[in-house]
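Visitor: Structure in structure tokens, see below.
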Amino acid sequence: MHIIVCIKSVVTDAPRGKIVRRADKCALNPFDRPALEVALQLKEKHGGSVTVLTMGPPSANATLREALAIGAHRAVLLCDPALAGSDTLATSTALSAAVNYLAPFDLILFGSRTLDSDTGQVGPQTAVRLDIPMVTGAVKIDGFPGHLTVERKVDGFLETYELDLPAALTIHPASAAPRDPALGGIAAAFDEMPVETLSIGQVGLDPNQVGDAGSPTRVLSMKPVKKKRTCQWIQGTPATQADDLVRQLVDAGLIG
Amino acid sequence: MEMLLEEKHRTLRQSVRRFCDRELRPIAAQIDQEARFPWEVIEKMGALGYFGIQVPKTLGGAGLDAVSYAIAIEEISRVSAAIGLCVSVHNSVAVYPIMAFGSQAQIDQWVPPLARGEKIGAFCLTEPNAGSDAGGIEATARSDGDTYVVNANKVFVTNGGIADVCLIFCRTDPAAGRRGISVVVAERGTDGFVVGDLEDLCGMRANPVCSIRLNDCRVPRTNLLAREGVGLKIGLAALDTGRMGIGAQAVGIAQAALEEAVRYARQRQQFGVPIERHQAIQTMIADMATGVDAARLMVYRAAALKDRRLPFSKESAMAKLFASETATRVTDMAVQIHGGYGYSKSYPVERYYRDARVTRIYEGTSEIHRMVIAKSVLEE
């Protein structure tokens, strides 16, 4: 079984609101860790291999190597100046082309969302581009080989789906506790294992399909929102303070 | 600093930090107070390679370099100095001397289980009457057929309460003075190998520091490291890497104290403003941050020299001296910034203050380090 996990090197810090995609200010998206964990568990149970794929600047290399350290077999970086400015649609165009380049595959996994842009769109859009079935927020995966049974928790319901392979899933963050990379895995990932770099030409894309040119979204402006916080002291004995706090939270519609 | 490191080292730091924040931070204060060794975390660390950081993969280790080692010890010590001490001593003064001076048979016998954390190592040099003066030890190993009969009273043995493989410094030739000292490896469970009570220490309380006595303990002659008479040479070589580890540990403790001091200075209000606005506090924060940064650079330099196979003995001694003195000063200032709360167990800085103090004492006191450094400078 060949599982491809799409991961992202997210920005962890933007000093004075300015994003600098530098390796020391980036990290593996925490929502992708459970997806990688699910892939590794499926591989351990059913055999096969796990490929991690990301689209990003050269600094995303470190994130791919961390995924190798955790246990992925192969790491692929789709990196091209023409990809700069891609919105989620252009990103899914690029990722689906890279996935086809890496075919054959049985399963593509995504994190449920990213820490930095948080749209949750790229997984489903990529599945549509590839014309394969997709379930979002998967919590349990079973039923190999041949097809897939997937459970998804949403709005207080547990939904169960059956999918034909190949298929795509986004993984609920609580579905699996991500493992730590072994220190020896870190040494191997950085000293011994390769990261393959692909250009858009290699995956059969044209510059006007991706980047700014391939992105219908236009961001008009972006500014931080300042939340006004106030502090209110509740007086009285501990018991009356607790009653007062509960009443206020109920009145505000926050509990009840 | 981070930009000057390789990607491997940054990834390693993030991984170790994530592990320690999740596994050690919630219990760090408790294991200190209860003087409890957290086996439940140590077993996980063993499986991840923390007990053979620089050991080649073929021998069950992680195969990382000395800079990685320094970063790992720093990050563990930032959360729990006592566990950083356990890992540092095990790697640098137990595993390393066996790797560097052991025969292939000895390496094959002891290193793989040590590197996987299945066995814990200890370095037994200090005695009631011999610390800084290592040549003054009284322990003896008398040759008798194919065994040594070892008699030793070793004190303040880091990891002593849990150690399986102990490097015992002893006299094989009592008439030969400093050149009559050797290292034999004694394993717990051997007849005559007695583990003493835990020391009730000021800091590093989660480490089972205790005395170890060998009473007519028969150890196979094949457990001798290298050859007779080179014990002090083995000890000094081990301490070169050990000092780097203690330096890294001091940097980790100081970093933790700096972070807590900054956090507290931002939230604590006096005279109507957060105390971070007061110049007296800013001066302390500036001195703390500068000291931590300088200490870190010195430790990493010693490690980088070792990785390049260049001499690093003087630099390692300087790094240990500076980092340990910095850690005691920085943790003292962190307590000062916290005021009365810094003296309370409600905040972690009092633990950092207690833990930092011993870094100026063990693996060579500051005074001995100044002697080593001065000798090295004057001989240049």
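We name chains A, B, ... following the order of the structure tokens; residues begin at 1 in each chain, and ligands are numbered from 1 as shown.
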Compile the contact shell of segment 65-75 of chain A as a VMD selection string: residues with an atom at most 9 Å away, counting only C-alpha atoms, same-chain residues fewer than 2 positions apart removed.
Guide: (chain A and resid 7 28 33 36 to 37 39 to 40 49 to 54 60 to 63 77 179 to 190 193 to 197) or (chain B and resid 8 11 to 12 15)
Visitor: Within 6 Å of chain A, which residues of chain B show up when using only C-alpha atoms, listed as a ChimeraX atom specification?
Guide: /B:8,48-49,62,64
Visitor: Return as a ChimeraX atom specification the full set of residues in segment 25-57 of chain A whose backbone-based DSSP assignment is strand (DSSP E or B).
Guide: /A:26-28,49-55
Visitor: Between B:Asp332, B:Asp32, B:Asp197, B:Asp164, which is the closest to Leu258 of chain B once you count only C-alpha atoms?
Guide: B:Asp332
Visitor: Do a neighbour search on segment 305-317 of chain B at 12 Å with only C-alpha atoms, toss out local chain neighbours closer than 2 positions, and write the hits as a PyMOL selection string.
Guide: chain B and resi 54+64-70+236-248+295-303+319-324+360+363-380
Visitor: Determine, counting only C-alpha atoms, which protein, DNA and RNA residues have an atom within 9 Å of an atom of Leu85 of chain B; residues of the same chain fewer than 5 positions away are not included. Present the result as a ChimeraX atom specification.
Guide: /B:73,76-77,80,90,158-159,204,207,245-246,249
